[in-house]
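Here is the structure we will look at.
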Amino acid sequence: STLSATGAFAAMTRFLGVLLCLAFALLGGAEGFMGSPAGLPDGIYCGRDNCYDVLGVEQNASGSEIRKAYRSLAQKLHPDRNKEPDADEKFMKVAAAYETLKDADARGDYDYMLAHPEERYANYYRYYKRQIAPKVDPRVVIAGLVLVISSWQWLIWNNRYSFARKALLRDPKNFQKAKITAQQMGLGADLKRIKRENDQRKFLLDNVPFVVHGGYSKPVWTDVLLVRLCVLPYTLYRYLHWYASWTWRINVRKEEYTEEDVVFLTRRALGISHHTFVKMEDHKRLPLLERKLWIRANHEAWKKELEQQEMEKNPALYKRWKRWQKKEAAGY
């Protein structure tokens, strides 16, 4: 989805650039290509002056000859050395001529304009297209954007995981469990030397492993966008291979579900990822696999059991729910 969004953004940018170039071409052409006898337009390249004449070189001059002529004129016409009133204007014109002729592509467009002055709108379009074109390779921009997003993902995930670990230790039960775990790890003596409770929590966070489940679990570097994009071809290949195998085994040969198939069907019924499912505790995960929740009737029964359990946790709410059930039943 990120690649498609990036591609759409790049396409839109190119489209807007083309429209802008056309607008400049129409405006420039409408203002008049009626300049000098040579037909050179105002506002682009060297204006009504010929860039080669400005530098004093032939049209077939080499790049080194153009650079040599520019240096010589720049030293002569630089405002710090030349105090004539029009020195600034002459220096700027020399600089514009050099900017046009030093680049092979820009020089090619300029030579084309000299050879085809009648194509005024096309010449304006080529000039403004080169002026507003991005100076940086779009691939570099996209790569930098992906790198920034990946770094931001990693930072956010680590902060979220750190917050979850601290929140766990604020619960007195988890705090006592962590202290027991520290004693089992041989850290009891070090823990006893720490008097303040906040310092003990910090010690436990640094030395005792915590397992956080769900969206606050420990981040995995393979989940960041950069890595996902790098392994995207392999991921697509694995998915297509799995889908073809599933279709052949289940739909064609009517084979029984394997353990891996049961895990997939259960995850899909619950709407959770593989990473989240495998992080679940065994006493919660294994019963789910036995319930065959991908069957609609089993899934509905399981949802009703969950609702019942939630109601029983709060007796007052459970009684109100039972009264509501009787009232609804009486209405029928």
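We name chains A, B, ... following the order of the structure tokens; residues begin at 1 in each chain, and ligands are numbered from 1 as shown.
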
For Ala178 of chain A, list every protein, DNA or RNA residue within 12 Å, evaluated using only C-alpha atoms, and leave out those in the same chain fewer than 5 positions away; present the list as a list in words.
->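 After dropping sequence-adjacent residues, the list is Arg165, Lys166, Leu168, Leu169, Arg170, Asp171, Pro172, Lys173, Gln183, Gln184, Met185, Leu187, Gly188, Leu191, Gln200, Arg201, Lys202, Phe203, Leu204, Leu205, Asp206, Asn207, Val208, Pro209, Phe210 and Val211 of chain A.
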
Write the residues of the selection above to a file with C-alpha atoms, as a compact mmCIF listing (two decimals), in the first residue's frame.
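So again_31.txt came out as:
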# COMPACT_ATOMS: atom_id res chain seq x y z
CA ARG A 165 6.68 -3.08 30.78
CA LYS A 166 6.57 -0.17 33.23
CA LEU A 168 3.00 -4.09 34.25
CA LEU A 169 5.25 -3.45 37.22
CA ARG A 170 2.88 -0.83 38.62
CA ASP A 171 0.45 -3.66 39.35
CA PRO A 172 1.32 -5.06 42.84
CA LYS A 173 0.71 -8.66 41.71
CA GLN A 183 15.12 -14.45 43.37
CA GLN A 184 14.90 -17.55 41.20
CA MET A 185 17.47 -15.97 38.87
CA LEU A 187 19.26 -11.68 41.99
CA GLY A 188 17.54 -11.69 45.40
CA LEU A 191 17.33 -6.66 45.06
CA GLN A 200 13.54 -1.85 42.67
CA ARG A 201 11.20 -1.53 39.73
CA LYS A 202 13.98 -0.05 37.63
CA PHE A 203 16.27 -2.92 38.67
CA LEU A 204 13.64 -5.49 37.72
CA LEU A 205 13.04 -3.81 34.37
CA ASP A 206 16.74 -3.97 33.58
CA ASN A 207 17.38 -7.53 34.74
CA VAL A 208 14.17 -9.59 34.64
CA PRO A 209 12.69 -10.60 31.26
CA PHE A 210 9.06 -9.65 30.72
CA VAL A 211 6.71 -11.11 28.16

Residue set, segment 49-273 of chain A restricted to alpha helix (DSSP H), as a PyMOL selection string = chain A and resi 51-55+63-77+87-102+104-115+120-132+138-170+172-184+188-192+197-207+225-230+232-246+259-270

Within 10 Å of segment 219-233 of chain A, counting only C-alpha atoms, which residues qualify if same-chain residues fewer than 6 places away don't, as a PyMOL selection string?
-> chain A and resi 2-3+143+145-161+239+275

Closest of A:Asp261, A:Glu310, A:Glu118, A:Glu197 to Trp294 of chain A - atom-to-atom distances counting only C-alpha atoms = A:Asp261

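Closest to Arg126 of chain A among A:Asp88, A:Asp109, A:Asp103, A:Asp80 is A:Asp109, based on only C-alpha atoms.
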
Between atom CA of Arg67 of chain A and atom CA of Ala122 of chain A lies a distance of 28.4 Å

Figure out the distance between atom CA of His299 of chain A and atom CA of Trp242 of chain A, please, to one decimal in Å.
-> 25.0 Å

Fewer than 5 positions away in the same chain doesn't count, so skip those; otherwise give me all residues within 10 Å of segment 62-64 of chain A, counting only C-alpha atoms, as a PyMOL selection string.
-> chain A and resi 57+69-70+101-104
